[in-house]
$ cat input27.cif   # mmCIF, C-alpha atoms
data_query
loop_
_atom_site.group_PDB
_atom_site.id
_atom_site.type_symbol
_atom_site.label_atom_id
_atom_site.label_comp_id
_atom_site.auth_asym_id
_atom_site.auth_seq_id
_atom_site.Cartn_x
_atom_site.Cartn_y
_atom_site.Cartn_z
ATOM 1 C CA MET A 16 -83.167 31.882 12.372
ATOM 2 C CA LYS A 17 -86.673 33.261 11.949
ATOM 3 C CA VAL A 18 -88.424 36.022 13.846
ATOM 4 C CA ALA A 19 -92.244 35.921 13.778
ATOM 5 C CA GLY A 20 -92.145 33.695 10.678
ATOM 6 C CA LEU A 21 -89.726 35.946 8.786
ATOM 7 C CA GLN A 22 -85.962 35.454 8.503
ATOM 8 C CA TRP A 23 -83.972 38.016 10.469
ATOM 9 C CA TRP A 24 -82.266 39.372 7.350
ATOM 10 C CA LYS A 25 -85.635 40.332 5.868
ATOM 11 C CA TRP A 26 -86.431 42.363 8.954
ATOM 12 C CA LEU A 27 -82.968 43.896 8.615
ATOM 13 C CA CYS A 28 -83.749 44.764 4.990
ATOM 14 C CA VAL A 29 -86.949 46.562 5.999
ATOM 15 C CA LEU A 30 -85.190 48.439 8.788
ATOM 16 C CA LEU A 31 -82.226 49.474 6.647
ATOM 17 C CA LEU A 32 -84.350 50.707 3.747
ATOM 18 C CA THR A 33 -86.680 52.562 6.098
ATOM 19 C CA TYR A 34 -83.608 54.156 7.662
ATOM 20 C CA THR A 35 -82.190 54.936 4.199
ATOM 21 C CA VAL A 36 -85.333 56.689 2.985
ATOM 22 C CA TRP A 37 -85.804 58.620 6.214
ATOM 23 C CA GLN A 38 -82.216 59.676 6.733
ATOM 24 C CA GLY A 39 -81.697 60.098 3.001
ATOM 25 C CA PHE A 40 -83.981 63.105 3.143
ATOM 26 C CA MET A 41 -83.205 64.271 6.675
ATOM 27 C CA VAL A 42 -79.456 63.884 7.212
ATOM 28 C CA GLU A 43 -77.326 67.007 6.869
ATOM 29 C CA VAL A 44 -75.432 67.000 3.578
ATOM 30 C CA PRO A 45 -72.559 69.152 2.246
ATOM 31 C CA ARG A 46 -73.583 72.292 0.370
ATOM 32 C CA MET A 47 -71.933 71.707 -2.982
ATOM 33 C CA ALA A 48 -72.174 73.965 -6.024
ATOM 34 C CA ILE A 49 -74.535 72.632 -8.730
ATOM 35 C CA LEU A 50 -75.412 69.529 -6.694
ATOM 36 C CA HIS A 51 -77.056 71.274 -3.719
ATOM 37 C CA GLU A 52 -79.793 69.021 -2.260
ATOM 38 C CA THR A 53 -79.667 66.614 -5.206
ATOM 39 C CA ILE A 54 -76.603 65.054 -3.612
ATOM 40 C CA ARG A 55 -79.097 63.065 -1.534
ATOM 41 C CA ASN A 56 -79.676 60.937 -4.622
ATOM 42 C CA LEU A 57 -76.298 59.417 -3.826
ATOM 43 C CA PHE A 58 -78.105 57.267 -1.237
ATOM 44 C CA PHE A 59 -80.361 55.834 -3.931
ATOM 45 C CA HIS A 60 -78.803 56.010 -7.384
ATOM 46 C CA VAL A 61 -75.252 54.961 -6.487
ATOM 47 C CA THR A 62 -76.166 52.418 -3.806
ATOM 48 C CA MET A 63 -78.628 50.694 -6.136
ATOM 49 C CA TRP A 64 -75.866 50.163 -8.657
ATOM 50 C CA PHE A 65 -73.504 48.887 -5.995
ATOM 51 C CA SER A 66 -76.169 46.385 -4.994
ATOM 52 C CA MET A 67 -76.775 45.434 -8.613
ATOM 53 C CA ILE A 68 -73.090 44.590 -9.043
ATOM 54 C CA ILE A 69 -73.187 42.394 -5.917
ATOM 55 C CA LEU A 70 -76.207 40.503 -7.282
ATOM 56 C CA MET A 71 -74.521 40.022 -10.662
ATOM 57 C CA ILE A 72 -71.483 38.570 -8.892
ATOM 58 C CA ALA A 73 -73.803 36.203 -7.015
ATOM 59 C CA SER A 74 -75.308 35.099 -10.332
ATOM 60 C CA ILE A 75 -71.842 34.215 -11.635
ATOM 61 C CA VAL A 76 -71.118 32.179 -8.498
ATOM 62 C CA TYR A 77 -74.368 30.238 -8.885
ATOM 63 C CA GLY A 78 -73.706 29.772 -12.597
ATOM 64 C CA ILE A 79 -70.292 28.274 -11.873
ATOM 65 C CA ARG A 80 -71.828 26.020 -9.225
ATOM 66 C CA TYR A 81 -74.297 24.786 -11.838
ATOM 67 C CA LEU A 82 -71.475 24.065 -14.304
ATOM 68 C CA ARG A 83 -69.720 22.012 -11.622
ATOM 69 C CA SER A 84 -72.762 20.106 -10.367
ATOM 70 C CA GLY A 85 -75.391 20.117 -13.113
ATOM 71 C CA ASN A 86 -78.011 21.004 -10.486
ATOM 72 C CA LEU A 87 -80.685 23.145 -12.159
ATOM 73 C CA GLU A 88 -81.534 24.821 -8.870
ATOM 74 C CA TYR A 89 -78.246 26.726 -9.102
ATOM 75 C CA ASP A 90 -79.220 27.916 -12.577
ATOM 76 C CA ILE A 91 -82.550 29.148 -11.216
ATOM 77 C CA LYS A 92 -80.753 31.041 -8.456
ATOM 78 C CA ALA A 93 -78.350 32.577 -10.986
ATOM 79 C CA SER A 94 -81.228 33.693 -13.201
ATOM 80 C CA ALA A 95 -83.183 35.076 -10.229
ATOM 81 C CA CYS A 96 -80.164 37.138 -9.129
ATOM 82 C CA ILE A 97 -79.817 38.614 -12.600
ATOM 83 C CA HIS A 98 -83.517 39.502 -12.712
ATOM 84 C CA SER A 99 -83.181 41.317 -9.377
ATOM 85 C CA GLY A 100 -79.963 42.944 -10.535
ATOM 86 C CA ILE A 101 -81.640 44.231 -13.696
ATOM 87 C CA PHE A 102 -84.500 45.583 -11.574
ATOM 88 C CA LEU A 103 -82.073 47.558 -9.409
ATOM 89 C CA GLY A 104 -80.101 48.585 -12.479
ATOM 90 C CA VAL A 105 -83.198 50.049 -14.131
ATOM 91 C CA LEU A 106 -84.044 51.899 -10.908
ATOM 92 C CA GLY A 107 -80.477 53.188 -10.923
ATOM 93 C CA LEU A 108 -80.895 54.446 -14.492
ATOM 94 C CA LEU A 109 -84.151 56.205 -13.618
ATOM 95 C CA THR A 110 -82.750 57.881 -10.507
ATOM 96 C CA GLY A 111 -79.633 58.803 -12.473
ATOM 97 C CA SER A 112 -81.736 60.383 -15.202
ATOM 98 C CA LEU A 113 -83.646 62.358 -12.580
ATOM 99 C CA TRP A 114 -80.360 63.502 -11.058
ATOM 100 C CA ALA A 115 -79.039 64.536 -14.473
ATOM 101 C CA LYS A 116 -82.130 66.662 -15.088
ATOM 102 C CA TYR A 117 -81.564 68.764 -11.973
ATOM 103 C CA THR A 118 -77.770 69.018 -12.175
ATOM 104 C CA TRP A 119 -76.889 68.894 -15.876
ATOM 105 C CA GLY A 120 -80.151 70.308 -17.233
ATOM 106 C CA ALA A 121 -81.294 67.310 -19.272
ATOM 107 C CA TRP A 122 -82.794 63.886 -18.620
ATOM 108 C CA TRP A 123 -79.977 62.318 -20.621
ATOM 109 C CA VAL A 124 -76.652 63.727 -21.758
ATOM 110 C CA ASN A 125 -73.927 62.322 -23.985
ATOM 111 C CA ASP A 126 -71.829 61.065 -21.090
ATOM 112 C CA ALA A 127 -69.577 58.006 -21.245
ATOM 113 C CA LYS A 128 -70.811 56.533 -17.989
ATOM 114 C CA LEU A 129 -74.495 57.142 -18.722
ATOM 115 C CA ASN A 130 -74.174 55.534 -22.136
ATOM 116 C CA GLY A 131 -72.132 52.711 -20.641
ATOM 117 C CA ALA A 132 -74.778 52.029 -18.002
ATOM 118 C CA ALA A 133 -77.466 51.840 -20.678
ATOM 119 C CA ALA A 134 -75.270 49.525 -22.763
ATOM 120 C CA ALA A 135 -74.725 47.284 -19.728
ATOM 121 C CA MET A 136 -78.488 46.950 -19.248
ATOM 122 C CA LEU A 137 -78.851 46.036 -22.926
ATOM 123 C CA VAL A 138 -76.216 43.325 -22.509
ATOM 124 C CA TYR A 139 -78.228 41.824 -19.655
ATOM 125 C CA ALA A 140 -81.445 42.244 -21.647
ATOM 126 C CA ALA A 141 -79.774 40.033 -24.253
ATOM 127 C CA TYR A 142 -79.250 37.481 -21.463
ATOM 128 C CA LEU A 143 -83.021 37.345 -20.918
ATOM 129 C CA ILE A 144 -83.643 36.947 -24.656
ATOM 130 C CA LEU A 145 -81.001 34.214 -24.857
ATOM 131 C CA ARG A 146 -82.616 32.248 -22.045
ATOM 132 C CA SER A 147 -86.076 32.532 -23.543
ATOM 133 C CA SER A 148 -84.843 31.275 -26.931
ATOM 134 C CA LEU A 149 -83.539 27.945 -25.599
ATOM 135 C CA GLU A 150 -85.918 25.150 -24.643
ATOM 136 C CA ASP A 151 -83.534 22.498 -23.346
ATOM 137 C CA GLU A 152 -83.061 23.232 -19.637
ATOM 138 C CA HIS A 153 -79.460 22.099 -19.289
ATOM 139 C CA LYS A 154 -78.308 23.650 -22.555
ATOM 140 C CA ARG A 155 -79.947 26.914 -21.502
ATOM 141 C CA ALA A 156 -78.315 26.748 -18.082
ATOM 142 C CA ARG A 157 -74.837 26.081 -19.500
ATOM 143 C CA ILE A 158 -74.976 28.850 -22.084
ATOM 144 C CA ALA A 159 -76.493 31.303 -19.601
ATOM 145 C CA ALA A 160 -73.774 30.581 -17.043
ATOM 146 C CA VAL A 161 -71.034 31.315 -19.554
ATOM 147 C CA TYR A 162 -72.822 34.360 -20.943
ATOM 148 C CA SER A 163 -73.279 35.841 -17.450
ATOM 149 C CA ILE A 164 -69.491 35.962 -17.052
ATOM 150 C CA PHE A 165 -69.182 37.672 -20.432
ATOM 151 C CA ALA A 166 -71.978 40.126 -19.549
ATOM 152 C CA PHE A 167 -70.428 41.026 -16.193
ATOM 153 C CA THR A 168 -67.048 41.662 -17.815
ATOM 154 C CA LEU A 169 -68.652 43.959 -20.376
ATOM 155 C CA MET A 170 -70.587 45.791 -17.669
ATOM 156 C CA LEU A 171 -67.390 46.542 -15.742
ATOM 157 C CA ALA A 172 -65.799 47.805 -18.951
ATOM 158 C CA PHE A 173 -68.800 50.006 -19.766
ATOM 159 C CA ILE A 174 -69.317 51.604 -16.346
ATOM 160 C CA ILE A 175 -65.841 51.603 -14.795
ATOM 161 C CA ILE A 176 -63.002 51.214 -17.296
ATOM 162 C CA LEU A 177 -64.146 53.177 -20.372
ATOM 163 C CA PRO A 178 -65.449 56.244 -18.455
ATOM 164 C CA ARG A 179 -62.030 56.592 -16.824
ATOM 165 C CA MET A 180 -60.393 56.641 -20.245
ATOM 166 C CA THR A 181 -62.445 59.542 -21.572
ATOM 167 C CA ASP A 182 -64.170 62.723 -20.416
ATOM 168 C CA SER A 183 -67.143 62.172 -18.130
ATOM 169 C CA LEU A 184 -69.304 64.401 -15.992
ATOM 170 C CA HIS A 185 -69.525 61.733 -13.310
ATOM 171 C CA PRO A 186 -67.405 62.102 -10.147
ATOM 172 C CA GLY A 187 -64.316 59.926 -10.217
ATOM 173 C CA ASN A 188 -64.131 59.898 -14.024
ATOM 174 C CA GLY A 189 -62.532 62.061 -16.684
ATOM 175 C CA GLY A 190 -60.323 63.814 -14.141
ATOM 176 C CA ASN A 191 -63.192 64.649 -11.789
ATOM 177 C CA PRO A 192 -62.625 63.810 -8.115
ATOM 178 C CA GLY A 193 -64.697 60.956 -6.677
ATOM 179 C CA PHE A 194 -67.353 61.502 -4.042
ATOM 180 C CA SER A 195 -65.196 59.908 -1.378
ATOM 181 C CA ASN A 196 -62.493 62.492 -2.015
ATOM 182 C CA TYR A 197 -64.503 65.630 -1.446
ATOM 183 C CA ASP A 198 -68.056 65.279 -0.160
ATOM 184 C CA LEU A 199 -68.929 61.820 1.170
ATOM 185 C CA ASP A 200 -68.439 62.971 4.759
ATOM 186 C CA SER A 201 -68.894 60.954 7.938
ATOM 187 C CA LYS A 202 -72.615 61.780 8.192
ATOM 188 C CA MET A 203 -73.303 60.644 4.659
ATOM 189 C CA ARG A 204 -71.372 57.429 5.205
ATOM 190 C CA THR A 205 -73.763 56.504 8.019
ATOM 191 C CA VAL A 206 -76.510 56.377 5.380
ATOM 192 C CA PHE A 207 -74.551 55.295 2.308
ATOM 193 C CA TYR A 208 -73.245 51.954 3.562
ATOM 194 C CA PRO A 209 -76.499 50.825 5.233
ATOM 195 C CA ALA A 210 -78.246 51.732 1.964
ATOM 196 C CA VAL A 211 -75.958 49.427 -0.020
ATOM 197 C CA ILE A 212 -76.701 46.583 2.392
ATOM 198 C CA GLY A 213 -80.423 47.358 2.382
ATOM 199 C CA TRP A 214 -80.798 47.396 -1.408
ATOM 200 C CA THR A 215 -78.703 44.230 -1.684
ATOM 201 C CA LEU A 216 -80.936 42.460 0.825
ATOM 202 C CA LEU A 217 -84.002 43.637 -1.104
ATOM 203 C CA GLY A 218 -82.540 42.144 -4.268
ATOM 204 C CA ALA A 219 -81.809 38.906 -2.401
ATOM 205 C CA TRP A 220 -85.373 38.871 -1.075
ATOM 206 C CA ILE A 221 -86.852 39.276 -4.562
ATOM 207 C CA SER A 222 -84.467 36.613 -5.866
ATOM 208 C CA GLU A 223 -85.508 34.211 -3.144
ATOM 209 C CA LEU A 224 -89.202 34.648 -3.966
ATOM 210 C CA GLU A 225 -88.564 34.026 -7.661
ATOM 211 C CA PHE A 226 -86.387 31.020 -6.864
ATOM 212 C CA ARG A 227 -89.030 29.425 -4.662
ATOM 213 C CA ILE A 228 -91.712 29.866 -7.326
ATOM 214 C CA ARG A 229 -89.548 28.490 -10.128
ATOM 215 C CA ARG A 230 -88.277 25.591 -8.006
ATOM 216 C CA ILE A 231 -91.870 24.496 -7.379
ATOM 217 C CA LYS A 232 -92.509 24.650 -11.127
ATOM 218 C CA LEU A 233 -89.302 22.709 -11.844
ATOM 219 C CA HIS A 234 -90.212 19.915 -9.427
ATOM 220 C CA ARG A 235 -93.754 19.798 -10.810
ATOM 221 C CA ASP A 236 -92.484 19.467 -14.398
ATOM 222 C CA GLN A 237 -90.058 16.691 -13.418
ATOM 223 C CA ARG A 238 -92.789 14.468 -11.992
#
$ encode --input "input27.cif" --output "structure tokens"
Amino acid sequence: MKVAGLQWWKWLCVLLLTYTVWQGFMVEVPRMAILHETIRNLFFHVTMWFSMIILMIASIVYGIRYLRSGNLEYDIKASACIHSGIFLGVLGLLTGSLWAKYTWGAWWVNDAKLNGAAAAMLVYAAYLILRSSLEDEHKRARIAAVYSIFAFTLMLAFIIILPRMTDSLHPGNGGNPGFSNYDLDSKMRTVFYPAVIGWTLLGAWISELEFRIRRIKLHRDQR
């Protein structure tokens, strides 16, 4: 279904992100010690990473579909999802660094989850290098599909498992209560969940544009 030449979900993306930005700065938030108004970054930093994880899962699904069918279009979709996921991941790192500056006093601290997030981005950067080093399309697609599973597993270990096994300043890690346990109240939830959907749709939109461009190039090269 298209509305005025644009799929409905793209309009939904625009509406949700507009709502996220507006309400992200206007909605009433809990007055927490240290965090204060910086808690509003929850609508950006955390939701971007949630969306990144969703896109990385989508890339694995497309990679597996390529392995089963040999259709290079699935490989292109998998790669496009990872590119969008990395984009959101980098934005998440930047907003996280900004948050750290105003709550912990430094742009970067020696925190397990911060270091794990950076390591996860390096793992996916290696994915991009791996793809660029292989010329054969099908060999590249097969190796990339397998590597994406490996990369996703490492990312979960770096940002979820390891921080819970050591001290971390992040909520929900190192004995600290998670946001949902003490300050993600009903008003914040009305922004948080739409934000996750909005950023995910933005990633899907970017992925679709990249896919369409690369599919045209693929068909042109196969002539």
$ atom_distance --input "input27.cif" --atom1 "atom CA of A:Tyr89" --atom2 "atom CA of A:Met63"
24.2 Å
$ axis_aligned_box --input "input27.cif" --around "stretch 150-160 of chain A" --padding-each-side "3 Å" --output "AutoDock Vina command-line options"
--center_x -79.8 --center_y 26.7 --center_z -20.8 --size_x 18.1 --size_y 15.2 --size_z 13.6
$ resolve_selection --input "input27.cif" --expression "the PyMOL selection byres ((chain A and resi 172-175) around 9)" --output "PDB file with C-alpha atoms, in the coordinates of the input"
ATOM      1  CA  ALA A 127     -69.577  58.006 -21.245  1.00  0.00           C
ATOM      2  CA  LYS A 128     -70.811  56.533 -17.989  1.00  0.00           C
ATOM      3  CA  LEU A 129     -74.495  57.142 -18.722  1.00  0.00           C
ATOM      4  CA  ASN A 130     -74.174  55.534 -22.136  1.00  0.00           C
ATOM      5  CA  GLY A 131     -72.132  52.711 -20.641  1.00  0.00           C
ATOM      6  CA  ALA A 132     -74.778  52.029 -18.002  1.00  0.00           C
ATOM      7  CA  ALA A 133     -77.466  51.840 -20.678  1.00  0.00           C
ATOM      8  CA  ALA A 134     -75.270  49.525 -22.763  1.00  0.00           C
ATOM      9  CA  ALA A 135     -74.725  47.284 -19.728  1.00  0.00           C
ATOM     10  CA  PHE A 167     -70.428  41.026 -16.193  1.00  0.00           C
ATOM     11  CA  THR A 168     -67.048  41.662 -17.815  1.00  0.00           C
ATOM     12  CA  LEU A 169     -68.652  43.959 -20.376  1.00  0.00           C
ATOM     13  CA  MET A 170     -70.587  45.791 -17.669  1.00  0.00           C
ATOM     14  CA  LEU A 171     -67.390  46.542 -15.742  1.00  0.00           C
ATOM     15  CA  ILE A 176     -63.002  51.214 -17.296  1.00  0.00           C
ATOM     16  CA  LEU A 177     -64.146  53.177 -20.372  1.00  0.00           C
ATOM     17  CA  PRO A 178     -65.449  56.244 -18.455  1.00  0.00           C
ATOM     18  CA  ARG A 179     -62.030  56.592 -16.824  1.00  0.00           C
ATOM     19  CA  ASN A 188     -64.131  59.898 -14.024  1.00  0.00           C
TER      20      ASN A 188
END
$ resolve_selection --input "input27.cif" --expression "the PyMOL selection byres ((chain A and resi 66) around 12)" --output "PyMOL selection string"
chain A and resi 58-65+67-73+96-97+99-104+106-107+207-219
$ resolve_selection --input "input27.cif" --expression "the PyMOL selection byres ((chain A and resi 55) around 9)" --output "PyMOL selection string"
chain A and resi 39-40+42+44+51-54+56-59+203
$ atom_distance --input "input27.cif" --atom1 "atom CA of A:Ala160" --atom2 "atom CA of A:Ile75"
6.8 Å
$ atom_distance --input "input27.cif" --atom1 "atom CA of A:Val105" --atom2 "atom CA of A:Ala141"
14.6 Å
$ residues_around --input "input27.cif" --residues "A:Ile158" --least-positions-apart "3" --cutoff "10 Å" --atoms "all atoms listed in the file" --output "PDB file with C-alpha atoms, keeping the file's coordinate frame"
ATOM      1  CA  GLY A  78     -73.706  29.772 -12.597  1.00  0.00           C
ATOM      2  CA  LEU A  82     -71.475  24.065 -14.304  1.00  0.00           C
ATOM      3  CA  TYR A 142     -79.250  37.481 -21.463  1.00  0.00           C
ATOM      4  CA  LEU A 145     -81.001  34.214 -24.857  1.00  0.00           C
ATOM      5  CA  ARG A 146     -82.616  32.248 -22.045  1.00  0.00           C
ATOM      6  CA  LEU A 149     -83.539  27.945 -25.599  1.00  0.00           C
ATOM      7  CA  HIS A 153     -79.460  22.099 -19.289  1.00  0.00           C
ATOM      8  CA  LYS A 154     -78.308  23.650 -22.555  1.00  0.00           C
ATOM      9  CA  ARG A 155     -79.947  26.914 -21.502  1.00  0.00           C
ATOM     10  CA  VAL A 161     -71.034  31.315 -19.554  1.00  0.00           C
ATOM     11  CA  TYR A 162     -72.822  34.360 -20.943  1.00  0.00           C
ATOM     12  CA  SER A 163     -73.279  35.841 -17.450  1.00  0.00           C
TER      13      SER A 163
END
$ closest_residue --input "input27.cif" --among "A:Leu31, A:Leu143, A:Ala115, A:Ile164" --to "A:Ala95" --atoms "all atoms listed in the file"
A:Leu143
$ residues_around --input "input27.cif" --residues "A:Glu152" --least-positions-apart "4" --cutoff "12 Å" --atoms "all atoms listed in the file" --output "ChimeraX atom specification"
/A:81,85-88,90-91,146-148,156-159,233,236-237
$ build_atoms --input "input27.cif" --residues "stretch 25-55 of chain A" --atoms "N, CA and C atoms" --output "CSV table (one decimal), keeping the file's coordinate frame"
chain,number,residue,atom,x,y,z
A,25,LYS,N,-84.6,39.6,6.5
A,25,LYS,CA,-85.6,40.3,5.9
A,25,LYS,C,-86.1,41.5,6.7
A,26,TRP,N,-86.1,41.3,8.0
A,26,TRP,CA,-86.4,42.4,9.0
A,26,TRP,C,-85.3,43.4,8.9
A,27,LEU,N,-84.1,43.0,8.8
A,27,LEU,CA,-83.0,43.9,8.6
A,27,LEU,C,-83.1,44.7,7.3
A,28,CYS,N,-83.5,44.1,6.3
A,28,CYS,CA,-83.7,44.8,5.0
A,28,CYS,C,-84.8,45.9,5.2
A,29,VAL,N,-85.9,45.6,5.8
A,29,VAL,CA,-86.9,46.6,6.0
A,29,VAL,C,-86.4,47.7,6.8
A,30,LEU,N,-85.7,47.4,7.9
A,30,LEU,CA,-85.2,48.4,8.8
A,30,LEU,C,-84.2,49.3,8.1
A,31,LEU,N,-83.3,48.7,7.3
A,31,LEU,CA,-82.2,49.5,6.6
A,31,LEU,C,-82.8,50.4,5.6
A,32,LEU,N,-83.8,49.9,4.8
A,32,LEU,CA,-84.4,50.7,3.7
A,32,LEU,C,-85.2,51.8,4.3
A,33,THR,N,-85.9,51.5,5.4
A,33,THR,CA,-86.7,52.6,6.1
A,33,THR,C,-85.7,53.7,6.6
A,34,TYR,N,-84.6,53.2,7.2
A,34,TYR,CA,-83.6,54.2,7.7
A,34,TYR,C,-83.0,54.9,6.5
A,35,THR,N,-82.8,54.3,5.4
A,35,THR,CA,-82.2,54.9,4.2
A,35,THR,C,-83.1,56.0,3.7
A,36,VAL,N,-84.4,55.7,3.5
A,36,VAL,CA,-85.3,56.7,3.0
A,36,VAL,C,-85.5,57.9,3.9
A,37,TRP,N,-85.6,57.6,5.2
A,37,TRP,CA,-85.8,58.6,6.2
A,37,TRP,C,-84.6,59.5,6.3
A,38,GLN,N,-83.4,58.9,6.6
A,38,GLN,CA,-82.2,59.7,6.7
A,38,GLN,C,-81.7,60.3,5.4
A,39,GLY,N,-82.1,59.6,4.3
A,39,GLY,CA,-81.7,60.1,3.0
A,39,GLY,C,-82.2,61.5,2.7
A,40,PHE,N,-83.4,61.8,3.3
A,40,PHE,CA,-84.0,63.1,3.1
A,40,PHE,C,-83.8,64.0,4.3
A,41,MET,N,-83.3,63.5,5.5
A,41,MET,CA,-83.2,64.3,6.7
A,41,MET,C,-81.8,64.6,7.1
A,42,VAL,N,-80.8,63.7,6.7
A,42,VAL,CA,-79.5,63.9,7.2
A,42,VAL,C,-78.9,65.2,6.6
A,43,GLU,N,-78.0,65.8,7.4
A,43,GLU,CA,-77.3,67.0,6.9
A,43,GLU,C,-76.3,66.6,5.8
A,44,VAL,N,-76.3,67.3,4.7
A,44,VAL,CA,-75.4,67.0,3.6
A,44,VAL,C,-74.6,68.2,3.2
A,45,PRO,N,-73.4,68.0,2.6
A,45,PRO,CA,-72.6,69.2,2.2
A,45,PRO,C,-73.3,70.1,1.2
A,46,ARG,N,-73.0,71.3,1.3
A,46,ARG,CA,-73.6,72.3,0.4
A,46,ARG,C,-72.6,72.5,-0.8
A,47,MET,N,-72.8,71.7,-1.8
A,47,MET,CA,-71.9,71.7,-3.0
A,47,MET,C,-72.5,72.5,-4.1
A,48,ALA,N,-71.7,73.2,-4.9
A,48,ALA,CA,-72.2,74.0,-6.0
A,48,ALA,C,-72.8,73.0,-7.0
A,49,ILE,N,-73.8,73.4,-7.7
A,49,ILE,CA,-74.5,72.6,-8.7
A,49,ILE,C,-75.4,71.5,-8.1
A,50,LEU,N,-74.7,70.7,-7.3
A,50,LEU,CA,-75.4,69.5,-6.7
A,50,LEU,C,-76.5,70.0,-5.7
A,51,HIS,N,-76.1,70.8,-4.8
A,51,HIS,CA,-77.1,71.3,-3.7
A,51,HIS,C,-77.7,70.1,-3.1
A,52,GLU,N,-79.1,70.1,-2.9
A,52,GLU,CA,-79.8,69.0,-2.3
A,52,GLU,C,-79.9,67.7,-3.1
A,53,THR,N,-79.6,67.8,-4.4
A,53,THR,CA,-79.7,66.6,-5.2
A,53,THR,C,-78.6,65.6,-4.8
A,54,ILE,N,-77.6,66.0,-4.0
A,54,ILE,CA,-76.6,65.1,-3.6
A,54,ILE,C,-77.2,63.9,-2.8
A,55,ARG,N,-78.4,64.1,-2.3
A,55,ARG,CA,-79.1,63.1,-1.5
A,55,ARG,C,-79.4,61.9,-2.4
